[in-house]
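Text of the file protein_28.txt, holding compact mmCIF, C-alpha atoms:
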# COMPACT_ATOMS: atom_id res chain seq x y z
CA MET A 30 91.45 105.79 9.52
CA THR A 31 87.79 106.06 8.45
CA GLY A 32 86.46 108.65 6.00
CA ALA A 33 84.95 110.72 8.80
CA GLU A 34 88.19 110.62 10.80
CA GLY A 35 90.19 111.56 7.72
CA LEU A 36 87.97 114.59 7.22
CA TYR A 37 88.20 115.60 10.87
CA PRO A 38 90.99 118.24 10.52
CA THR A 39 89.17 119.81 7.57
CA LEU A 40 85.88 119.86 9.45
CA VAL A 41 87.43 121.38 12.57
CA THR A 42 89.24 124.05 10.53
CA ASN A 43 86.08 124.89 8.60
CA CYS A 44 83.89 124.90 11.68
CA ILE A 45 86.24 127.22 13.59
CA PHE A 46 86.36 129.48 10.56
CA LYS A 47 82.57 129.38 10.25
CA LEU A 48 81.84 129.89 13.92
CA HIS A 49 84.32 132.77 14.45
CA PHE A 50 84.27 134.38 11.04
CA ASN A 51 81.17 133.26 9.18
CA VAL A 52 78.82 133.86 12.11
CA PHE A 53 79.92 137.47 11.78
CA LEU A 54 79.40 137.21 8.01
CA LEU A 55 75.99 135.68 8.60
CA TYR A 56 74.82 138.81 10.42
CA THR A 57 76.53 141.18 7.99
CA SER A 58 75.11 139.26 5.02
CA ILE A 59 71.60 139.62 6.39
CA ALA A 60 72.00 143.23 7.47
CA LEU A 61 73.85 144.45 4.38
CA ASN A 62 71.47 142.77 1.95
CA ILE A 63 68.40 144.08 3.74
CA ILE A 64 69.89 147.60 3.61
CA THR A 65 70.87 147.07 -0.03
CA ILE A 66 67.37 145.94 -0.99
CA GLN A 67 65.92 149.01 0.71
CA ALA A 68 68.52 151.25 -0.97
CA LEU A 69 67.74 149.76 -4.39
CA ARG A 70 64.04 150.42 -3.84
CA LYS A 71 64.78 154.05 -2.96
CA THR A 72 67.20 154.65 -5.85
CA SER A 73 65.28 156.22 -8.73
CA SER A 74 68.24 156.95 -11.00
CA LEU A 75 68.88 153.30 -11.91
CA PRO A 76 66.94 151.84 -14.86
CA ARG A 77 63.99 149.78 -13.59
CA THR A 78 65.22 146.76 -15.51
CA LEU A 79 68.68 146.79 -13.92
CA LYS A 80 67.19 147.55 -10.51
CA THR A 81 64.89 144.51 -10.77
CA LEU A 82 67.80 142.23 -11.63
CA LEU A 83 69.93 143.62 -8.79
CA LEU A 84 67.01 143.13 -6.39
CA SER A 85 66.79 139.48 -7.47
CA LEU A 86 70.51 139.02 -6.81
CA ALA A 87 70.27 140.76 -3.42
CA ALA A 88 67.27 138.59 -2.49
CA SER A 89 69.19 135.39 -3.23
CA ASP A 90 72.16 136.71 -1.22
CA LEU A 91 69.82 137.49 1.66
CA GLY A 92 68.46 133.93 1.45
CA VAL A 93 72.01 132.61 1.77
CA GLY A 94 72.48 134.57 4.99
CA LEU A 95 69.10 133.60 6.42
CA LEU A 96 69.05 129.92 5.44
CA VAL A 97 72.15 128.39 3.90
CA GLN A 98 74.87 129.69 6.19
CA PRO A 99 73.15 128.66 9.46
CA ILE A 100 72.35 125.20 8.04
CA PHE A 101 75.96 124.81 6.89
CA VAL A 102 77.25 125.61 10.39
CA SER A 103 74.80 123.05 11.86
CA HIS A 104 75.94 120.47 9.33
CA LEU A 105 79.61 120.98 10.22
CA ILE A 106 78.92 120.76 13.96
CA ILE A 107 76.98 117.51 13.53
CA GLN A 108 79.75 115.95 11.46
CA ILE A 109 82.48 117.10 13.87
CA GLN A 110 80.57 115.32 16.61
CA GLN A 111 80.85 112.27 14.32
CA ASN A 112 77.13 111.64 14.36
CA THR A 113 77.29 110.62 10.72
CA SER A 114 75.13 107.59 11.42
CA ASP A 115 72.31 109.68 12.83
CA ASN A 116 69.35 110.54 10.68
CA ALA A 117 69.87 114.16 11.70
CA TYR A 118 73.12 114.35 9.73
CA GLY A 119 71.62 113.10 6.46
CA THR A 120 68.55 115.31 6.86
CA VAL A 121 70.54 118.47 7.62
CA PHE A 122 72.98 117.78 4.77
CA THR A 123 70.15 117.26 2.27
CA ILE A 124 68.40 120.44 3.43
CA PHE A 125 71.67 122.35 3.16
CA GLU A 126 72.51 121.14 -0.36
CA THR A 127 68.94 121.74 -1.57
CA HIS A 128 68.86 125.32 -0.31
CA MET A 129 72.42 125.93 -1.49
CA ALA A 130 71.51 124.73 -5.00
CA LEU A 131 68.36 126.89 -5.03
CA LEU A 132 70.01 130.12 -3.91
CA SER A 133 73.37 129.67 -5.63
CA PHE A 134 71.69 129.02 -8.98
CA ALA A 135 69.38 131.99 -8.37
CA SER A 136 72.48 134.15 -7.85
CA PHE A 137 74.19 132.52 -10.83
CA PHE A 138 71.30 133.22 -13.20
CA SER A 139 70.88 136.76 -11.82
CA VAL A 140 74.52 137.53 -12.65
CA VAL A 141 74.02 136.09 -16.14
CA ALA A 142 70.87 138.21 -16.60
CA ILE A 143 72.67 141.35 -15.40
CA THR A 144 75.47 140.65 -17.88
CA VAL A 145 73.02 140.23 -20.75
CA ASP A 146 71.19 143.40 -19.69
CA ARG A 147 74.39 145.49 -19.69
CA PHE A 148 75.47 143.96 -23.01
CA LEU A 149 72.19 145.00 -24.61
CA ALA A 150 72.23 148.43 -22.95
CA ILE A 151 75.70 149.34 -24.17
CA HIS A 152 74.94 148.49 -27.80
CA PRO A 153 72.58 151.28 -28.98
CA HIS A 154 71.88 149.60 -32.32
CA LEU A 155 70.12 146.77 -30.43
CA ARG A 156 67.34 149.22 -29.40
CA TYR A 157 67.57 148.45 -25.70
CA GLN A 158 64.47 150.42 -24.65
CA LYS A 159 62.17 148.45 -26.97
CA LEU A 160 63.84 145.09 -26.48
CA VAL A 161 64.28 145.12 -22.68
CA THR A 162 61.05 146.15 -20.98
CA HIS A 163 60.27 145.97 -17.28
CA LYS A 164 57.58 143.33 -17.81
CA ARG A 165 59.97 141.12 -19.75
CA VAL A 166 62.62 141.44 -17.05
CA ILE A 167 60.10 140.47 -14.36
CA ALA A 168 59.12 137.46 -16.48
CA VAL A 169 62.81 136.50 -16.77
CA VAL A 170 63.34 136.83 -13.01
CA ILE A 171 60.28 134.70 -12.21
CA SER A 172 61.32 132.11 -14.80
CA THR A 173 64.86 131.84 -13.39
CA TRP A 174 63.56 131.30 -9.86
CA VAL A 175 61.18 128.60 -11.11
CA ILE A 176 64.03 126.90 -12.99
CA THR A 177 66.32 127.07 -9.95
CA ALA A 178 63.59 125.58 -7.77
CA TYR A 179 63.31 122.67 -10.20
CA LEU A 180 67.09 122.21 -10.30
CA SER A 181 67.33 122.24 -6.50
CA LEU A 182 64.82 119.36 -6.32
CA LEU A 183 67.36 117.17 -8.12
CA VAL A 184 69.44 117.09 -4.91
CA PRO A 185 66.88 115.33 -2.65
CA ALA A 186 65.78 113.20 -5.62
CA ALA A 187 69.34 111.89 -5.97
CA ARG A 188 69.63 111.39 -2.20
CA LEU A 189 66.46 109.28 -2.20
CA ASP A 190 67.71 107.28 -5.23
CA TRP A 191 64.85 108.47 -7.40
CA ILE A 192 67.42 109.44 -10.02
CA PRO A 193 71.09 108.45 -10.48
CA LYS A 194 73.38 110.37 -8.12
CA ARG A 195 75.51 111.64 -11.00
CA VAL A 196 72.58 113.38 -12.73
CA PRO A 197 72.71 116.56 -10.57
CA VAL A 198 76.51 116.70 -10.89
CA ILE A 199 76.33 116.40 -14.69
CA MET A 200 73.52 118.95 -15.01
CA PHE A 201 75.11 121.47 -12.64
CA SER A 202 78.48 121.14 -14.41
CA ALA A 203 76.93 121.56 -17.87
CA ILE A 204 74.84 124.58 -16.83
CA GLY A 205 77.83 126.13 -15.09
CA ALA A 206 80.08 125.66 -18.12
CA VAL A 207 77.54 127.22 -20.50
CA CYS A 208 76.93 130.19 -18.18
CA PHE A 209 80.64 130.82 -17.55
CA ILE A 210 81.45 130.73 -21.28
CA THR A 211 78.47 132.95 -22.17
CA THR A 212 79.13 135.58 -19.50
CA GLY A 213 82.86 135.56 -20.28
CA PHE A 214 82.21 136.26 -23.96
CA LEU A 215 79.62 138.96 -23.20
CA HIS A 216 81.92 140.69 -20.72
CA TYR A 217 84.66 140.73 -23.34
CA LYS A 218 82.22 142.45 -25.73
CA ILE A 219 81.14 144.86 -22.98
CA TYR A 220 84.78 145.70 -22.25
CA ALA A 221 85.41 146.43 -25.93
CA SER A 222 82.32 148.66 -26.05
CA VAL A 223 83.34 150.47 -22.84
CA ARG A 224 86.73 151.22 -24.39
CA HIS A 225 84.98 152.50 -27.51
CA HIS A 226 82.63 154.68 -25.42
CA THR A 227 85.60 156.06 -23.47
CA ASP A 228 87.18 157.16 -26.74
CA GLN A 229 83.85 158.71 -27.77
CA ILE A 230 83.63 160.64 -24.48
CA GLN A 231 87.10 162.06 -24.99
CA ALA A 232 86.14 163.11 -28.51
CA LEU A 233 82.83 164.64 -27.39
CA GLN A 234 84.55 166.73 -24.74
CA ALA A 235 86.22 168.66 -27.54
CA GLN A 236 82.92 169.34 -29.35
CA GLU A 237 79.87 171.56 -28.81
CA GLU A 238 77.60 171.60 -25.73
CA ALA A 239 74.72 170.27 -27.86
CA GLN A 240 76.24 166.83 -27.52
CA HIS A 241 76.46 167.06 -23.72
CA ARG A 242 73.47 164.75 -23.17
CA GLU A 243 74.96 162.04 -25.37
CA MET A 244 78.20 162.30 -23.39
CA LYS A 245 76.33 161.97 -20.07
CA ASN A 246 74.51 158.86 -21.30
CA ALA A 247 77.81 157.32 -22.39
CA VAL A 248 79.35 158.07 -18.98
CA ARG A 249 76.35 156.56 -17.14
CA LEU A 250 76.43 153.38 -19.22
CA ARG A 251 80.18 153.06 -18.73
CA LYS A 252 79.87 153.39 -14.94
CA THR A 253 77.07 150.82 -14.57
CA SER A 254 78.88 148.43 -16.91
CA LEU A 255 82.08 148.74 -14.90
CA ALA A 256 80.13 148.10 -11.69
CA THR A 257 78.73 144.88 -13.12
CA PHE A 258 82.29 143.91 -14.06
CA TYR A 259 83.20 143.90 -10.37
CA ILE A 260 80.10 141.85 -9.50
CA TYR A 261 81.00 139.37 -12.23
CA PHE A 262 84.67 138.97 -11.31
CA LEU A 263 83.81 138.60 -7.62
CA PHE A 264 81.27 135.98 -8.61
CA LEU A 265 83.92 134.13 -10.64
CA ALA A 266 86.34 134.17 -7.71
CA CYS A 267 83.74 132.63 -5.40
CA TYR A 268 82.02 130.19 -7.78
CA VAL A 269 84.78 128.88 -10.06
CA PRO A 270 86.38 126.81 -7.23
CA ILE A 271 83.16 124.89 -6.50
CA PHE A 272 82.56 124.43 -10.22
CA CYS A 273 86.08 122.97 -10.62
CA VAL A 274 85.60 120.57 -7.69
CA ASN A 275 82.20 119.57 -9.09
CA LEU A 276 83.85 118.85 -12.45
CA ALA A 277 86.70 116.92 -10.77
CA GLU A 278 84.16 114.75 -8.95
CA LEU A 279 82.41 114.08 -12.25
CA LEU A 280 85.66 112.99 -13.92
CA CYS A 281 87.43 111.23 -11.03
CA ASP A 282 84.60 110.20 -8.69
CA GLU A 283 84.65 111.25 -5.03
CA THR A 284 88.20 110.91 -3.71
CA ALA A 285 89.44 111.85 -0.22
CA LEU A 286 90.97 115.06 -1.62
CA ILE A 287 87.70 116.07 -3.26
CA GLN A 288 85.88 115.44 0.04
CA HIS A 289 88.29 117.82 1.77
CA LEU A 290 87.99 120.44 -0.94
CA TRP A 291 84.18 120.41 -0.90
CA TYR A 292 84.07 122.04 2.54
CA TYR A 293 86.47 124.83 1.58
CA VAL A 294 84.87 125.69 -1.78
CA ARG A 295 81.42 125.81 -0.18
CA THR A 296 82.75 128.29 2.37
CA ILE A 297 84.22 130.42 -0.44
CA MET A 298 80.97 130.30 -2.41
CA LEU A 299 78.83 131.38 0.56
CA PHE A 300 81.24 134.26 1.17
CA ASN A 301 79.98 135.86 -2.06
CA SER A 302 76.63 136.83 -0.50
CA SER A 303 78.39 139.09 2.03
CA LEU A 304 80.57 140.82 -0.56
CA ASN A 305 77.99 141.78 -3.22
CA PRO A 306 76.34 144.54 -1.13
CA LEU A 307 79.76 146.13 -0.64
CA ILE A 308 80.27 146.19 -4.42
CA TYR A 309 76.91 147.92 -4.95
CA SER A 310 77.77 150.59 -2.39
CA TRP A 311 81.32 151.04 -3.61
CA LYS A 312 80.79 151.22 -7.36
CA MET A 313 77.23 152.61 -7.70
CA ARG A 314 77.10 156.15 -6.37
CA HIS A 315 73.32 156.49 -6.08
CA ILE A 316 73.04 153.21 -4.17
CA ARG A 317 75.90 154.31 -1.92
CA HIS A 318 74.08 157.56 -1.09
CA ALA A 319 70.84 155.67 -0.39
CA VAL A 320 72.70 153.24 1.90
CA ILE A 321 74.31 156.14 3.78
CA ASP A 322 70.88 157.79 4.23
CA ILE A 323 69.41 154.53 5.56
CA LEU A 324 72.31 154.03 7.98
CA ARG A 325 71.97 157.62 9.20
CA SER A 326 68.29 157.07 9.90
CA ILE A 327 69.04 153.82 11.78
CA LEU A 328 72.10 155.16 13.61
CA PRO A 329 71.51 158.91 14.02
CA CYS A 330 74.65 160.91 14.67
CA ARG A 331 74.90 162.63 18.01
CA HIS A 332 75.97 166.25 17.98

Could you write out this structure as structure tokens?
Amino acid sequence: MTGAEGLYPTLVTNCIFKLHFNVFLLYTSIALNIITIQALRKTSSLPRTLKTLLLSLAASDLGVGLLVQPIFVSHLIIQIQQNTSDNAYGTVFTIFETHMALLSFASFFSVVAITVDRFLAIHPHLRYQKLVTHKRVIAVVISTWVITAYLSLLVPAARLDWIPKRVPVIMFSAIGAVCFITTGFLHYKIYASVRHHTDQIQALQAQEEAQHREMKNAVRLRKTSLATFYIYFLFLACYVPIFCVNLAELLCDETALIQHLWYYVRTIMLFNSSLNPLIYSWKMRHIRHAVIDILRSILPCRH
């Protein structure tokens, strides 16, 4: 049995899943992220810094729906037809991996930036307003997209043998490990601060009305921090599997099992772009209201 034949059941299973389930996700990913971007633009209650970072994440998720998911379906169909010797297969696969690297790292770095932003916001002694300005956040967003564009070019460079094929795997694994450890530590610190703020809120409720504003600020910070928790844990659920397979390939080379797993973990990772908009609408009240208003204007209710 050849490698392509050995992968055939995996490819068929993935392609059926993609064509019947992910085609639906493709449309929902595009529609939900477009609506989310519009809702974020209309929401004035969110800090501009957090809104900019969420817009960057929504833009990368929209790119997954517009570019990566359709290319992935095309790649699976070509391989199921066993046209692995055709130039079309290699071209489509390279395009897919390049765009996947670009947009997945853009999402990855956006989640890291959101985590850092919430960590700084929930620690008043760090003087968040002076430290995190809108111009600096825009500079960070632009820088991360430039870095991700550079990283994505490693994929075609390795395919064309301009660099060793293991270089992208090593770099992606190292970057992923650093980001996972950093965000994990920061979320632990955020959780500890949220617990502390919750205790403060309970104490403030027993005090005078003069401290009402401080209590409202604590509640707002706690809610936005909890919302980013959900984004982070969803991101972990979708990205840790592909990171583990990437690490396994680095340590054990590309075995038949790793080839099978690659198709499944890519599907799981791309699923993330359809779920993030639901988290925004579920956990962030002002975004949810803006989304409802947009949907009402698109689909007016009949009386």

Checklist entry - Which is closest to Leu54 (chain A) among A:Phe300, A:Trp191, A:Phe264, A:Trp174, if we use all atoms listed in the file? => result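 Checking each candidate against Leu54 (chain A), we get A:Phe300 as the closest.
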
Checklist entry - Rounded to one decimal in Å, what is the spacing between CA of Leu83 (chain A) and CA of Val140 (chain A)? => result 8.5 Å

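Here CA of Gly94 (chain A) is placed at a distance of 12.2 Å from CA of Asn305 (chain A).
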
Item to check | Contact residues around Ala130 (chain A) with all atoms listed in the file at 8 Å, ignoring same-chain residues under 3 positions, as a PyMOL selection string | outcome: chain A and resi 126-127+133-134+177+180-181+184

Checklist entry - So, counting all atoms listed in the file, which residue among A:Ser303, A:Gln110, A:Ser326, A:Ser202 is closest to Leu276 (chain A)? => result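 Residue with the minimum atom-to-atom distance to Leu276 (chain A): A:Ser202.
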
Checklist entry - Which polymer residues, protein or nucleic acid, are no farther than 12 Å from (76.6, 116.5, -10.3), counting all atoms listed in the file, as an MDAnalysis selection string? => result chainID A and resid 126 130 180:181 183:184 187:188 192:205 271:280 282:283

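Those residues that approach region 160-173 of chain A to within 7 Å, counting only C-alpha atoms, are Arg77, Thr78, Ala135 and Phe138 of chain A; same-chain residues fewer than 6 positions away are not listed.
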
Checklist entry - How many Å separate CA of Arg295 (chain A) from CA of Ala87 (chain A)? => result 18.9 Å

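Closest approach to Met129 (chain A) among A:Ser302, A:Thr144, A:Ser85, A:Gln67 is made by A:Ser302 (distances from all atoms listed in the file).
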
Item to check | Nearby residues (all atoms listed in the file) at most 12 Å from Tyr217 (chain A), same-chain spacing under 2 positions excluded, as a list in words | outcome: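 The neighbour list is Thr144, Val145, Arg147, Phe148, Ile210, Thr211, Thr212, Gly213, Phe214, Leu215, Ile219, Tyr220, Ala221, Ser222, Val223, Arg224, Ser254, Leu255, Phe258 and Tyr261 of chain A.
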
Take the residues just selected and output them with C-alpha atoms as a PDB file, in the coordinates of the input.
ATOM      1  CA  THR A 144      75.470 140.650 -17.880  1.00  0.00           C
ATOM      2  CA  VAL A 145      73.020 140.230 -20.750  1.00  0.00           C
ATOM      3  CA  ARG A 147      74.390 145.490 -19.690  1.00  0.00           C
ATOM      4  CA  PHE A 148      75.470 143.960 -23.010  1.00  0.00           C
ATOM      5  CA  ILE A 210      81.450 130.730 -21.280  1.00  0.00           C
ATOM      6  CA  THR A 211      78.470 132.950 -22.170  1.00  0.00           C
ATOM      7  CA  THR A 212      79.130 135.580 -19.500  1.00  0.00           C
ATOM      8  CA  GLY A 213      82.860 135.560 -20.280  1.00  0.00           C
ATOM      9  CA  PHE A 214      82.210 136.260 -23.960  1.00  0.00           C
ATOM     10  CA  LEU A 215      79.620 138.960 -23.200  1.00  0.00           C
ATOM     11  CA  ILE A 219      81.140 144.860 -22.980  1.00  0.00           C
ATOM     12  CA  TYR A 220      84.780 145.700 -22.250  1.00  0.00           C
ATOM     13  CA  ALA A 221      85.410 146.430 -25.930  1.00  0.00           C
ATOM     14  CA  SER A 222      82.320 148.660 -26.050  1.00  0.00           C
ATOM     15  CA  VAL A 223      83.340 150.470 -22.840  1.00  0.00           C
ATOM     16  CA  ARG A 224      86.730 151.220 -24.390  1.00  0.00           C
ATOM     17  CA  SER A 254      78.880 148.430 -16.910  1.00  0.00           C
ATOM     18  CA  LEU A 255      82.080 148.740 -14.900  1.00  0.00           C
ATOM     19  CA  PHE A 258      82.290 143.910 -14.060  1.00  0.00           C
ATOM     20  CA  TYR A 261      81.000 139.370 -12.230  1.00  0.00           C
TER      21      TYR A 261
END

Item to check | For Ile321 (chain A): contacts at 12 Å, all atoms listed in the file, fewer than 3 positions along chain excluded, given as a PyMOL selection string | outcome: chain A and resi 61+64-65+67-68+71+310-311+314-318+324-330

Next on the checklist: Let me make sure I understand: among A:Leu95, A:Cys267, A:Leu69, A:Leu149, which one has the smallest atom-to-atom distance to Val52 (chain A) if we use only C-alpha atoms?
Outcome noted: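 When distances to Val52 (chain A) are compared using only C-alpha atoms, the smallest one comes from A:Leu95.
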
Checklist entry - Is there a way to get, as a count of residues only, all residues within 12 Å of the point (65.3, 132.4, 5.0) in file coordinates, counting all atoms listed in the file? => result 20
